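Structure data follow from query-v3.csv (CSV, C-alpha atoms):
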chain,number,residue,atom,x,y,z
A,1,MET,CA,0.0,0.0,0.0
A,2,ASN,CA,1.3,3.4,-1.0
A,3,GLU,CA,2.6,5.5,1.9
A,4,ILE,CA,3.8,9.2,2.1
A,5,LEU,CA,5.5,10.8,5.0
A,6,ILE,CA,5.7,14.6,5.1
A,7,LYS,CA,7.9,15.9,7.8
A,8,ASN,CA,9.4,19.1,9.3
A,9,THR,CA,6.2,21.0,8.4
A,10,THR,CA,3.3,23.0,9.8
A,11,LEU,CA,-0.1,21.4,9.6
A,12,VAL,CA,-3.0,23.7,9.0
A,13,GLN,CA,-6.7,22.9,9.8
A,14,VAL,CA,-5.9,20.0,12.2
A,15,ARG,CA,-9.2,18.8,13.7
A,16,GLU,CA,-10.8,15.9,15.5
A,17,PRO,CA,-13.5,13.8,13.8
A,18,ASN,CA,-17.2,14.8,13.9
A,19,ILE,CA,-16.7,18.6,14.1
A,20,SER,CA,-19.8,20.4,13.0
A,21,ILE,CA,-19.8,23.3,10.5
A,22,LEU,CA,-18.0,26.4,11.7
A,23,LYS,CA,-20.2,29.4,12.6
A,24,GLY,CA,-19.6,33.0,13.6
A,25,GLU,CA,-16.9,33.3,16.3
A,26,SER,CA,-15.7,29.7,15.7
A,27,LEU,CA,-14.5,30.7,12.2
A,28,ARG,CA,-11.6,32.6,13.9
A,29,LYS,CA,-10.2,29.4,15.3
A,30,LEU,CA,-7.9,27.6,12.9
A,31,PRO,CA,-6.0,24.8,14.6
A,32,ILE,CA,-2.3,24.6,13.6
A,33,LEU,CA,0.4,22.1,14.5
A,34,GLU,CA,3.9,23.3,14.1
A,35,ASN,CA,7.1,21.3,13.7
A,36,ALA,CA,5.0,18.4,12.6
A,37,TRP,CA,4.8,15.3,10.4
A,38,ILE,CA,1.9,13.6,8.6
A,39,ARG,CA,1.7,10.1,7.2
A,40,CYS,CA,-0.8,9.1,4.4
A,41,GLN,CA,-1.5,5.4,3.7
A,42,GLY,CA,-3.5,4.4,0.7
A,43,ASP,CA,-5.9,7.3,0.1
A,44,ARG,CA,-6.3,8.2,3.7
A,45,ILE,CA,-4.6,10.3,6.4
A,46,LEU,CA,-3.1,7.6,8.7
A,47,ASP,CA,-1.6,9.8,11.5
A,48,PHE,CA,0.2,13.0,12.3
A,49,GLY,CA,2.1,14.5,15.3
A,50,THR,CA,5.0,16.6,16.3
A,51,MET,CA,8.5,15.8,15.1
A,52,ASP,CA,9.6,14.4,18.5
A,53,SER,CA,7.2,11.4,17.6
A,54,CYS,CA,8.0,11.2,13.9
A,55,PRO,CA,8.0,7.6,12.7
A,56,SER,CA,10.7,6.0,10.6
A,57,ASP,CA,11.2,7.1,7.0
A,58,ASP,CA,9.4,4.2,5.3
A,59,GLY,CA,7.9,4.8,1.9
A,60,GLN,CA,8.0,8.1,0.1
A,61,VAL,CA,9.4,11.0,2.3
A,62,ILE,CA,9.0,14.7,1.7
A,63,ASP,CA,11.0,17.1,3.8
A,64,ALA,CA,8.7,20.2,3.9
A,65,LYS,CA,10.9,22.5,6.0
A,66,GLY,CA,9.6,26.1,6.0
A,67,ARG,CA,6.4,25.0,4.2
A,68,PHE,CA,2.8,24.4,5.3
A,69,VAL,CA,0.5,21.5,4.6
A,70,PHE,CA,-3.2,22.4,4.1
A,71,PRO,CA,-6.3,20.2,3.4
A,72,SER,CA,-7.3,20.8,-0.2
A,73,TRP,CA,-9.6,23.6,-1.1
A,74,CYS,CA,-13.3,22.6,-1.4
A,75,ASP,CA,-14.9,24.7,-4.1
A,76,SER,CA,-18.7,24.3,-3.8
A,77,HIS,CA,-19.8,26.6,-6.6
A,78,THR,CA,-18.5,26.5,-10.2
A,79,HIS,CA,-19.6,26.6,-13.8
A,80,LEU,CA,-16.6,24.7,-15.0
A,81,VAL,CA,-18.2,23.2,-18.1
A,82,PHE,CA,-18.5,25.8,-20.8
A,83,ALA,CA,-17.7,26.2,-24.5
A,84,ALA,CA,-15.7,29.4,-24.6
A,85,TYR,CA,-14.6,32.4,-22.5
A,86,ARG,CA,-16.4,35.8,-22.9
A,87,GLU,CA,-13.6,38.3,-23.0
A,88,GLN,CA,-15.6,40.5,-25.4
A,89,GLU,CA,-18.1,41.2,-22.7
A,90,PHE,CA,-15.3,42.1,-20.4
A,91,VAL,CA,-14.4,44.9,-22.8
A,92,GLN,CA,-18.1,45.9,-23.0
A,93,ARG,CA,-18.2,46.3,-19.3
A,94,ILE,CA,-15.1,48.4,-19.3
A,95,SER,CA,-16.8,50.6,-21.9
A,96,GLY,CA,-19.7,51.2,-19.5
A,97,MET,CA,-22.3,48.4,-20.2
A,98,SER,CA,-23.9,46.7,-17.2
A,99,TYR,CA,-24.4,43.0,-16.7
A,100,ALA,CA,-28.1,43.5,-17.3
A,101,GLU,CA,-27.5,45.5,-20.5
A,102,ILE,CA,-25.2,42.9,-21.9
A,103,ALA,CA,-27.7,40.1,-21.1
A,104,ALA,CA,-30.5,42.1,-22.7
A,105,LYS,CA,-28.6,42.2,-26.0
A,106,GLY,CA,-28.2,38.4,-26.0
A,107,GLY,CA,-24.9,38.3,-24.2
A,108,GLY,CA,-24.1,36.7,-20.9
A,109,ILE,CA,-25.6,33.3,-20.2
A,110,LEU,CA,-27.4,33.3,-23.6
A,111,ASN,CA,-24.1,33.9,-25.3
A,112,SER,CA,-22.6,30.9,-23.5
A,113,ALA,CA,-25.6,28.8,-24.5
A,114,ARG,CA,-25.2,29.6,-28.2
A,115,ARG,CA,-21.6,28.6,-28.1
A,116,LEU,CA,-22.3,25.4,-26.2
A,117,ARG,CA,-24.9,24.3,-28.7
A,118,ALA,CA,-22.2,24.4,-31.4
A,119,MET,CA,-19.7,22.3,-29.5
A,120,SER,CA,-19.7,18.5,-29.4
A,121,GLU,CA,-19.9,16.6,-26.1
A,122,ASP,CA,-16.4,15.3,-26.6
A,123,GLU,CA,-15.0,18.8,-27.2
A,124,LEU,CA,-16.8,20.1,-24.2
A,125,PHE,CA,-15.5,17.2,-22.1
A,126,GLU,CA,-11.9,17.8,-23.2
A,127,ALA,CA,-12.0,21.5,-22.5
A,128,ALA,CA,-13.5,21.0,-19.0
A,129,HIS,CA,-11.1,18.2,-18.2
A,130,GLN,CA,-8.1,20.4,-18.9
A,131,ARG,CA,-9.6,23.1,-16.6
A,132,LEU,CA,-10.2,20.6,-13.9
A,133,GLU,CA,-6.6,19.4,-14.0
A,134,GLN,CA,-5.4,23.0,-13.6
A,135,LEU,CA,-7.6,23.5,-10.6
A,136,ILE,CA,-6.4,20.4,-9.0
A,137,LYS,CA,-2.8,21.6,-9.4
A,138,SER,CA,-3.8,24.9,-7.7
A,139,GLY,CA,-4.9,23.0,-4.6
A,140,THR,CA,-8.6,22.2,-5.2
A,141,GLY,CA,-9.5,18.7,-3.9
A,142,ALA,CA,-13.3,18.6,-4.1
A,143,ILE,CA,-15.6,20.6,-6.5
A,144,GLU,CA,-19.2,21.2,-7.6
A,145,ILE,CA,-20.0,21.8,-11.3
A,146,LYS,CA,-23.3,23.2,-12.6
A,147,SER,CA,-25.1,22.9,-15.9
A,148,GLY,CA,-27.0,26.0,-17.0
A,149,TYR,CA,-25.4,26.9,-20.4
A,150,GLY,CA,-27.6,24.4,-22.3
A,151,LEU,CA,-30.9,26.1,-21.8
A,152,SER,CA,-32.6,23.3,-23.8
A,153,ALA,CA,-33.4,19.7,-23.1
A,154,GLU,CA,-30.5,18.6,-25.4
A,155,GLY,CA,-28.0,21.2,-24.1
A,156,GLU,CA,-28.7,20.6,-20.4
A,157,LEU,CA,-28.4,16.9,-20.8
A,158,LYS,CA,-25.2,17.3,-22.8
A,159,MET,CA,-23.7,19.3,-20.0
A,160,LEU,CA,-24.8,17.0,-17.2
A,161,ARG,CA,-23.5,14.0,-19.2
A,162,VAL,CA,-20.1,15.8,-19.6
A,163,ILE,CA,-20.1,16.3,-15.8
A,164,LYS,CA,-20.9,12.6,-15.3
A,165,ARG,CA,-17.9,11.7,-17.5
A,166,LEU,CA,-15.7,14.0,-15.5
A,167,LYS,CA,-16.8,12.3,-12.3
A,168,ALA,CA,-15.7,9.0,-13.8
A,169,VAL,CA,-12.1,10.1,-14.6
A,170,SER,CA,-11.6,12.7,-11.9
A,171,PRO,CA,-9.3,11.9,-9.0
A,172,ILE,CA,-11.3,14.4,-6.8
A,173,PRO,CA,-15.0,14.2,-5.9
A,174,ILE,CA,-17.3,16.2,-8.1
A,175,LYS,CA,-20.9,17.1,-7.2
A,176,ALA,CA,-23.2,18.0,-10.1
A,177,SER,CA,-26.0,20.7,-10.0
A,178,PHE,CA,-28.8,20.9,-12.5
A,179,LEU,CA,-29.1,24.7,-13.3
A,180,GLY,CA,-31.5,24.6,-16.2
A,181,ALA,CA,-33.2,27.7,-14.8
A,182,HIS,CA,-30.1,29.8,-15.3
A,183,ALA,CA,-31.7,32.2,-17.8
A,184,LEU,CA,-34.8,32.2,-20.0
A,185,PRO,CA,-33.9,31.0,-23.5
A,186,ALA,CA,-35.0,33.1,-26.5
A,187,ALA,CA,-37.3,30.4,-27.7
A,188,TYR,CA,-39.3,30.7,-24.5
A,189,LYS,CA,-39.2,34.5,-24.1
A,190,GLU,CA,-43.0,34.7,-24.2
A,191,ASP,CA,-43.6,31.3,-22.4
A,192,ARG,CA,-42.0,31.2,-19.0
A,193,LYS,CA,-44.3,28.5,-17.8
A,194,GLY,CA,-43.6,26.4,-20.8
A,195,TYR,CA,-39.9,26.5,-20.1
A,196,MET,CA,-40.4,25.6,-16.4
A,197,ASP,CA,-42.6,22.7,-17.5
A,198,LEU,CA,-39.9,21.5,-19.8
A,199,LEU,CA,-37.3,21.5,-17.0
A,200,ILE,CA,-39.6,19.9,-14.4
A,201,ASN,CA,-41.8,17.5,-16.4
A,202,GLU,CA,-39.4,16.4,-19.2
A,203,LEU,CA,-35.9,16.9,-18.0
A,204,LEU,CA,-35.9,16.1,-14.3
A,205,PRO,CA,-37.2,12.6,-14.7
A,206,VAL,CA,-34.4,11.8,-17.2
A,207,ILE,CA,-31.8,13.4,-14.9
A,208,ALA,CA,-33.1,11.4,-11.9
A,209,GLU,CA,-33.2,8.1,-13.9
A,210,GLU,CA,-29.6,8.6,-15.3
A,211,GLN,CA,-28.4,10.0,-11.9
A,212,LEU,CA,-27.0,13.0,-13.7
A,213,ALA,CA,-27.3,15.5,-10.8
A,214,ASP,CA,-26.8,15.7,-7.0
A,215,TYR,CA,-28.4,19.1,-6.5
A,216,ILE,CA,-30.9,21.4,-8.2
A,217,ASP,CA,-30.2,25.2,-8.7
A,218,ILE,CA,-32.0,28.2,-10.1
A,219,PHE,CA,-30.9,31.8,-10.6
A,220,CYS,CA,-33.5,33.7,-8.4
A,221,GLU,CA,-33.0,37.3,-9.5
A,222,LYS,CA,-34.8,40.1,-11.2
A,223,GLY,CA,-34.7,39.6,-15.0
A,224,PHE,CA,-34.1,35.9,-14.5
A,225,PHE,CA,-36.4,33.8,-12.3
A,226,SER,CA,-38.9,34.7,-9.6
A,227,VAL,CA,-39.3,33.5,-6.1
A,228,ALA,CA,-42.4,31.5,-7.1
A,229,GLU,CA,-40.4,29.8,-9.9
A,230,ALA,CA,-37.6,29.1,-7.5
A,231,GLU,CA,-40.0,27.5,-5.1
A,232,ARG,CA,-41.5,25.4,-7.8
A,233,MET,CA,-38.1,24.2,-8.9
A,234,MET,CA,-37.0,23.4,-5.3
A,235,GLU,CA,-40.2,21.4,-4.7
A,236,ALA,CA,-39.6,19.5,-7.9
A,237,GLY,CA,-36.0,18.8,-7.0
A,238,ASN,CA,-37.0,17.5,-3.6
A,239,LYS,CA,-39.4,15.0,-5.2
A,240,HIS,CA,-36.4,13.6,-7.1
A,241,GLY,CA,-34.0,13.6,-4.1
A,242,LEU,CA,-32.2,16.7,-5.4
A,243,ARG,CA,-31.5,19.2,-2.6
A,244,ALA,CA,-31.3,22.9,-3.6
A,245,LYS,CA,-28.2,25.1,-3.9
A,246,ILE,CA,-29.7,28.5,-5.0
A,247,HIS,CA,-28.2,31.5,-6.8
A,248,THR,CA,-29.8,34.5,-5.0
A,249,ASN,CA,-29.3,38.0,-3.8
A,250,GLN,CA,-26.6,38.8,-6.3
A,251,PHE,CA,-28.2,42.1,-7.3
A,252,ASN,CA,-31.5,42.4,-5.3
A,253,SER,CA,-33.3,41.2,-2.2
A,254,MET,CA,-36.5,39.6,-3.4
A,255,GLY,CA,-37.3,36.7,-1.1
A,256,GLY,CA,-35.0,34.1,-2.5
A,257,ILE,CA,-33.3,33.5,0.9
A,258,GLU,CA,-36.5,33.0,2.8
A,259,ALA,CA,-37.7,30.6,0.1
A,260,ALA,CA,-34.5,28.6,0.3
A,261,VAL,CA,-34.8,28.4,4.1
A,262,ALA,CA,-38.4,27.3,3.8
A,263,HIS,CA,-37.4,24.5,1.4
A,264,LYS,CA,-34.4,23.4,3.4
A,265,ALA,CA,-31.8,24.2,0.8
A,266,LEU,CA,-28.3,23.2,1.3
A,267,SER,CA,-26.9,26.7,0.5
A,268,VAL,CA,-27.7,30.1,-0.8
A,269,ASP,CA,-24.9,31.5,-3.0
A,270,HIS,CA,-23.9,35.1,-3.9
A,271,LEU,CA,-25.5,37.3,-1.2
A,272,GLU,CA,-23.9,40.5,-2.5
A,273,VAL,CA,-27.2,42.1,-1.3
A,274,VAL,CA,-28.7,41.0,2.0
A,275,ASN,CA,-30.9,42.7,4.6
A,276,GLU,CA,-31.5,42.1,8.3
A,277,ALA,CA,-34.7,40.0,7.8
A,278,GLU,CA,-32.8,37.7,5.5
A,279,ILE,CA,-29.9,37.4,7.9
A,280,SER,CA,-32.3,36.5,10.7
A,281,ALA,CA,-33.9,33.9,8.5
A,282,LEU,CA,-30.5,32.3,7.8
A,283,ALA,CA,-29.6,32.4,11.5
A,284,ASN,CA,-32.6,30.3,12.3
A,285,SER,CA,-31.8,27.7,9.6
A,286,ASP,CA,-29.2,25.1,8.5
A,287,VAL,CA,-28.7,26.8,5.1
A,288,ILE,CA,-25.1,27.7,4.3
A,289,PRO,CA,-24.4,31.2,3.0
A,290,THR,CA,-21.8,30.8,0.2
A,291,LEU,CA,-20.0,34.0,-0.8
A,292,LEU,CA,-18.3,34.3,-4.2
A,293,PRO,CA,-16.1,37.4,-4.0
A,294,SER,CA,-14.4,37.0,-7.4
A,295,ALA,CA,-17.7,37.8,-9.1
A,296,PRO,CA,-18.1,41.3,-7.7
A,297,PHE,CA,-14.4,41.8,-8.1
A,298,PHE,CA,-14.7,41.1,-11.8
A,299,LEU,CA,-17.9,43.0,-12.2
A,300,GLN,CA,-16.7,45.9,-10.1
A,301,ASP,CA,-19.7,45.5,-7.9
A,302,HIS,CA,-20.2,45.7,-4.2
A,303,TYR,CA,-19.2,42.7,-2.0
A,304,PRO,CA,-21.2,40.6,0.4
A,305,PRO,CA,-21.3,41.9,3.9
A,306,ALA,CA,-19.1,39.1,5.3
A,307,ARG,CA,-18.5,40.7,8.7
A,308,GLN,CA,-22.2,41.3,9.3
A,309,LEU,CA,-22.9,37.7,8.5
A,310,ILE,CA,-20.2,36.4,10.7
A,311,GLU,CA,-21.3,38.6,13.6
A,312,ALA,CA,-24.8,37.1,13.2
A,313,GLY,CA,-23.3,33.7,13.9
A,314,LEU,CA,-23.6,32.3,10.4
A,315,PRO,CA,-21.4,29.5,8.9
A,316,LEU,CA,-19.9,31.2,5.9
A,317,CYS,CA,-18.5,29.3,2.9
A,318,LEU,CA,-16.3,30.7,0.1
A,319,ALA,CA,-16.3,29.4,-3.5
A,320,SER,CA,-14.9,30.5,-6.8
A,321,ASP,CA,-17.9,30.8,-9.1
A,322,PHE,CA,-15.6,29.9,-11.9
A,323,ASN,CA,-17.4,30.8,-15.1
A,324,PRO,CA,-16.6,32.4,-18.5
A,325,GLY,CA,-18.6,35.6,-17.9
A,326,THR,CA,-18.2,37.0,-14.4
A,327,SER,CA,-15.5,35.0,-12.7
A,328,PRO,CA,-13.1,33.4,-15.2
A,329,SER,CA,-10.8,31.9,-12.6
A,330,GLY,CA,-11.1,29.0,-10.2
A,331,LYS,CA,-8.1,29.7,-8.0
A,332,MET,CA,-9.3,29.4,-4.5
A,333,ALA,CA,-6.2,31.1,-3.0
A,334,PHE,CA,-7.3,34.3,-4.8
A,335,VAL,CA,-10.8,33.9,-3.5
A,336,VAL,CA,-9.3,33.7,0.0
A,337,ALA,CA,-7.3,36.8,-0.7
A,338,LEU,CA,-10.4,38.7,-1.9
A,339,ALA,CA,-12.3,37.7,1.2
A,340,CYS,CA,-9.6,39.2,3.4
A,341,ILE,CA,-8.9,42.3,1.3
A,342,LYS,CA,-12.4,43.2,0.2
A,343,MET,CA,-14.7,41.6,2.8
A,344,LYS,CA,-12.4,42.1,5.9
A,345,MET,CA,-12.4,38.4,6.8
A,346,LEU,CA,-9.4,37.3,8.8
A,347,PRO,CA,-7.1,34.8,7.1
A,348,GLU,CA,-8.3,32.1,9.6
A,349,GLU,CA,-11.9,32.8,8.8
A,350,ALA,CA,-11.3,32.7,5.0
A,351,ILE,CA,-9.3,29.5,5.2
A,352,ASN,CA,-12.0,27.8,7.3
A,353,ALA,CA,-14.7,29.0,4.8
A,354,ALA,CA,-12.7,27.6,1.9
A,355,THR,CA,-11.8,24.3,3.4
A,356,PHE,CA,-14.0,22.8,6.2
A,357,ASN,CA,-17.2,24.8,5.4
A,358,GLY,CA,-16.6,24.3,1.7
A,359,ALA,CA,-16.7,20.6,2.3
A,360,ALA,CA,-19.9,21.0,4.3
A,361,ALA,CA,-21.5,22.9,1.4
A,362,LEU,CA,-20.7,19.8,-0.7
A,363,GLU,CA,-21.9,17.4,2.0
A,364,LEU,CA,-18.4,16.0,2.1
A,365,GLU,CA,-17.3,17.1,5.5
A,366,ASN,CA,-16.8,13.6,6.8
A,367,ASP,CA,-14.0,13.0,4.3
A,368,PHE,CA,-12.7,16.4,3.3
A,369,GLY,CA,-11.9,19.9,4.5
A,370,SER,CA,-9.5,19.2,7.4
A,371,ILE,CA,-6.5,17.3,8.4
A,372,THR,CA,-8.1,14.5,10.4
A,373,LYS,CA,-7.1,10.9,10.9
A,374,GLY,CA,-9.1,8.8,8.6
A,375,LYS,CA,-10.1,11.5,6.2
A,376,LYS,CA,-9.1,11.4,2.5
A,377,ALA,CA,-5.5,12.4,1.9
A,378,ASN,CA,-6.2,15.4,-0.3
A,379,LEU,CA,-3.6,18.0,0.6
A,380,PHE,CA,-1.3,20.6,-0.7
A,381,ILE,CA,2.1,21.7,0.4
A,382,THR,CA,2.9,25.4,0.0
A,383,LYS,CA,6.0,27.0,-1.1
A,384,PRO,CA,8.1,28.4,1.8
A,385,MET,CA,6.2,31.2,3.5
A,386,PRO,CA,6.3,32.9,6.8
A,387,SER,CA,2.7,32.4,8.0
A,388,ILE,CA,-0.8,31.6,6.8
A,389,ALA,CA,-1.5,35.3,6.4
A,390,TYR,CA,0.9,35.3,3.5
A,391,ILE,CA,-1.7,33.6,1.3
A,392,PRO,CA,-4.0,36.7,1.1
A,393,TYR,CA,-1.0,39.1,1.6
A,394,GLY,CA,0.8,37.7,-1.4
A,395,PHE,CA,-2.3,37.6,-3.5
A,396,THR,CA,-0.7,37.3,-6.9
A,397,GLU,CA,1.7,34.5,-5.9
A,398,GLU,CA,1.1,30.8,-6.7
A,399,ILE,CA,1.5,29.4,-3.2
A,400,VAL,CA,1.0,25.7,-4.0
A,401,ASP,CA,4.2,23.7,-4.5
A,402,GLN,CA,3.1,20.1,-4.4
A,403,VAL,CA,-0.3,18.4,-4.3
A,404,VAL,CA,-1.3,15.1,-2.8
A,405,ILE,CA,-4.6,13.6,-4.1
A,406,ASN,CA,-5.9,10.3,-2.6
A,407,GLY,CA,-2.6,9.8,-1.0
A,408,GLN,CA,-0.7,10.1,-4.3
A,409,LEU,CA,1.9,12.8,-4.9
A,410,LEU,CA,1.3,14.7,-8.1
A,411,SER,CA,4.3,15.8,-10.2
A,412,LYS,CA,6.2,18.7,-8.5
A,413,LEU,CA,4.8,22.0,-9.7
A,414,SER,CA,7.8,24.3,-8.9
A,415,VAL,CA,11.4,24.3,-7.8
For this file, produce the structure as structure tokens.
Amino acid sequence: MNEILIKNTTLVQVREPNISILKGESLRKLPILENAWIRCQGDRILDFGTMDSCPSDDGQVIDAKGRFVFPSWCDSHTHLVFAAYREQEFVQRISGMSYAEIAAKGGGILNSARRLRAMSEDELFEAAHQRLEQLIKSGTGAIEIKSGYGLSAEGELKMLRVIKRLKAVSPIPIKASFLGAHALPAAYKEDRKGYMDLLINELLPVIAEEQLADYIDIFCEKGFFSVAEAERMMEAGNKHGLRAKIHTNQFNSMGGIEAAVAHKALSVDHLEVVNEAEISALANSDVIPTLLPSAPFFLQDHYPPARQLIEAGLPLCLASDFNPGTSPSGKMAFVVALACIKMKMLPEEAINAATFNGAAALELENDFGSITKGKKANLFITKPMPSIAYIPYGFTEEIVDQVVINGQLLSKLSV
């Protein structure tokens, strides 16, 4: 059985088993073990401790002096499967057009849908597979991927089948979300009910039968889908065993959070705009608020009120929102940096939100998100750095030096 011993290192996010999701004040506490070693056997973390108890150097040995070992990032919100980037819209925004104006002219999500229709399933798979490999090299060890650029029965099923193929070859766990209600396609511009009927009555049974999704999603926002439509989608998803992860409150407060709470959603994602009543609703629920700071960074928009949410005792999660239009990067270290720089989260809070709570937002906290005996050995070793605060401080630097996935060391990424 394969064994790896990493020694002379600092272990970050060291926790006992069965720790619940981290909320409010507990987000400040990031357990660290200095002058340490960790042994992985097979695909699991076997043991760890301080160097005075370091075992013999059997198997593969890595001397990580001056470096830190982290559990892999857990990215619970991405749109990794897409046909092409949308850099032209980036230029349009620089020139003064808003997200809504670009969408009204057929850009945005509809632009991605047009391009996806023209790409074969094999081409879509290869492009997404390459992106996934790059994210793994940057430290991501568990991920969610959404559909939502198909906007037709054929297109959505094509995306979900690509995600299923990625699951089959990926060394890291992938959760799939059905986001057919991402935008209203042009063919249904005058028939909203008809499109919802298509998603719920025709697509969902096929998705359930072929086990193509783990979750259901909807973009609950002005100009996209209403609260009533979101509730209908969540109810339909629940009937097929698909729990909800909802896009809401990116631009407006309109009741999406309260609806998600009522339907026991797993998470509400974005929350750039949130009011006291919505915070109160979240505080009395198990719904995980997931913040995506690279989207407002790229859109030059306002950021979620992270400090207010933490002070209300909520269990914040951070994710990348990797997509071709509003967040064309899946690097979680940069997400952590933005959380600190733009949302005033402490490094400890941001790292907890991007690892342990990220795993919880994927329902993978029993196996991922912390350095815990028996958990999956998905880890990354940093380059030499003075402290964990250097990750957000040195926000342009690639801090990952080596990656361990399922107890296997990937090829060295730097010298």
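Summary of the local environment: counting all atoms listed in the file, residues at most 10 Å from Leu124 of chain A, other than itself and those fewer than 2 positions away along its chain, are A:Val81, A:Phe82, A:Ala83, A:Ala84, A:Leu116, A:Ala118, A:Met119, A:Ser120, A:Glu121, A:Asp122, A:Glu126, A:Ala127, A:Ala128, A:His129, A:Lys158, A:Met159, A:Val162, A:Ile163.
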Taking only residues of segment 1-94 of chain A that have an atom at most 12 Å from an atom of segment 100-110 of chain A, what is each one's shortest atom pair and its distance in Å to one decimal, using only C-alpha atoms, in chain and number order, as JSON lines?
{"residue": "A:His79", "atom": "CA", "partner": "A:Ile109", "partner_atom": "CA", "distance": 11.0}
{"residue": "A:Phe82", "atom": "CA", "partner": "A:Ile109", "partner_atom": "CA", "distance": 10.3}
{"residue": "A:Ala83", "atom": "CA", "partner": "A:Ile109", "partner_atom": "CA", "distance": 11.5}
{"residue": "A:Ala84", "atom": "CA", "partner": "A:Ile109", "partner_atom": "CA", "distance": 11.5}
{"residue": "A:Tyr85", "atom": "CA", "partner": "A:Gly108", "partner_atom": "CA", "distance": 10.5}
{"residue": "A:Arg86", "atom": "CA", "partner": "A:Gly108", "partner_atom": "CA", "distance": 8.0}
{"residue": "A:Glu87", "atom": "CA", "partner": "A:Gly108", "partner_atom": "CA", "distance": 10.8}
{"residue": "A:Gln88", "atom": "CA", "partner": "A:Gly107", "partner_atom": "CA", "distance": 9.6}
{"residue": "A:Glu89", "atom": "CA", "partner": "A:Ile102", "partner_atom": "CA", "distance": 7.3}
{"residue": "A:Phe90", "atom": "CA", "partner": "A:Ile102", "partner_atom": "CA", "distance": 10.0}
{"residue": "A:Val91", "atom": "CA", "partner": "A:Ile102", "partner_atom": "CA", "distance": 11.0}
{"residue": "A:Gln92", "atom": "CA", "partner": "A:Ile102", "partner_atom": "CA", "distance": 7.8}
{"residue": "A:Arg93", "atom": "CA", "partner": "A:Ile102", "partner_atom": "CA", "distance": 8.2}
{"residue": "A:Ile94", "atom": "CA", "partner": "A:Ile102", "partner_atom": "CA", "distance": 11.8}
- Write out as an MDAnalysis selection string each polymer residue whose atoms come within 12 Å of segment 190-207 of chain A, counting only C-alpha atoms; drop sequence neighbours fewer than 2 positions from it. chainID A and resid 147:148 150:161 164 176:188 209:218 223:226 228:242
- Contacts of Glu16 of chain A at 8 Å or less, counting all atoms listed in the file, minus same-chain residues fewer than 3 places along, as a PyMOL selection string? chain A and resi 19+372-373
Restrict the selected residues to C-alpha atoms and save them as a compact mmCIF listing (two decimals), in the coordinates of the input.
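Output contents, as saved in selection_22.txt:
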# COMPACT_ATOMS: atom_id res chain seq x y z
CA ILE A 19 -16.70 18.60 14.10
CA THR A 372 -8.10 14.50 10.40
CA LYS A 373 -7.10 10.90 10.90
- Message: Between atom CA of Glu278 of chain A and atom CA of Met345 of chain A, what is the distance in Å, rounded to a tenth?
- Response: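 One can read the atom CA of Glu278 of chain A to atom CA of Met345 of chain A distance as 20.5 Å.
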I need every residue sitting at most 9 Å from the point (-9.1, 26.1, 6.9) (coordinates as in the file, all atoms listed in the file considered), written as a short mmCIF file (atom, residue, chain, number, x, y, z; two decimals) with C-alpha atoms, keeping the file's coordinate frame.
data_model
loop_
_atom_site.label_atom_id
_atom_site.label_comp_id
_atom_site.auth_asym_id
_atom_site.auth_seq_id
_atom_site.Cartn_x
_atom_site.Cartn_y
_atom_site.Cartn_z
CA VAL A 12 -3.00 23.70 9.00
CA GLN A 13 -6.70 22.90 9.80
CA VAL A 14 -5.90 20.00 12.20
CA LEU A 27 -14.50 30.70 12.20
CA LEU A 30 -7.90 27.60 12.90
CA PRO A 31 -6.00 24.80 14.60
CA PHE A 70 -3.20 22.40 4.10
CA PRO A 71 -6.30 20.20 3.40
CA TRP A 73 -9.60 23.60 -1.10
CA PRO A 347 -7.10 34.80 7.10
CA GLU A 348 -8.30 32.10 9.60
CA GLU A 349 -11.90 32.80 8.80
CA ALA A 350 -11.30 32.70 5.00
CA ILE A 351 -9.30 29.50 5.20
CA ASN A 352 -12.00 27.80 7.30
CA ALA A 353 -14.70 29.00 4.80
CA ALA A 354 -12.70 27.60 1.90
CA THR A 355 -11.80 24.30 3.40
CA PHE A 356 -14.00 22.80 6.20
CA ASN A 357 -17.20 24.80 5.40
CA GLY A 369 -11.90 19.90 4.50
CA SER A 370 -9.50 19.20 7.40
#
- One decimal, Å: what's the distance from atom CA of Gln250 of chain A over to atom CA of Leu271 of chain A, could you say? 5.4 Å
- Distance query segment 310-322 of chain A at most 9 Å, all atoms listed in the file, self and fewer than 5 positions along chain excluded, as number ranges by chain: A: 21-27, 74-80, 269, 279-280, 282-283, 286-295, 305, 327-332, 334-336, 339, 345, 349-361
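For the residues A:Ala244, A:Arg131, A:Leu346, A:Val227, ranking by smallest atom-to-atom distance to Ile388 of chain A using only C-alpha atoms places A:Leu346 first.
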- Excluding Arg67 of chain A and residues on its chain fewer than 6 positions from it, collect all residues at most 6 Å away from it, counting only C-alpha atoms, and give them as a list in words.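 The contact residues come out as Thr9, Thr382, Lys383 and Pro384 of chain A.
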- Between A:Leu46, A:Leu135, A:Ile257, A:Leu309, which one has atoms that come closest to Ile172 of chain A, using all atoms listed in the file?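 Under the stated criterion, the closest residue is A:Leu135.
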- Task: Rounded to one decimal place, report the atom CA of Val261 of chain A-atom CA of Ala281 of chain A distance in Å.
- Result: 7.1 Å
- Item | Option closest in space to Cys40 of chain A, from A:Lys342, A:Lys7, A:Arg243, A:Arg165 [counting all atoms listed in the file] |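 Among the listed residues, the smallest separation from Cys40 of chain A belongs to A:Lys7.
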- Dump as a PyMOL selection string all residues having an atom at most 6 Å from (-33.1, 32.5, -3.9), computed in the file's coordinates with all atoms listed in the file. chain A and resi 220+246-248+256-257+260
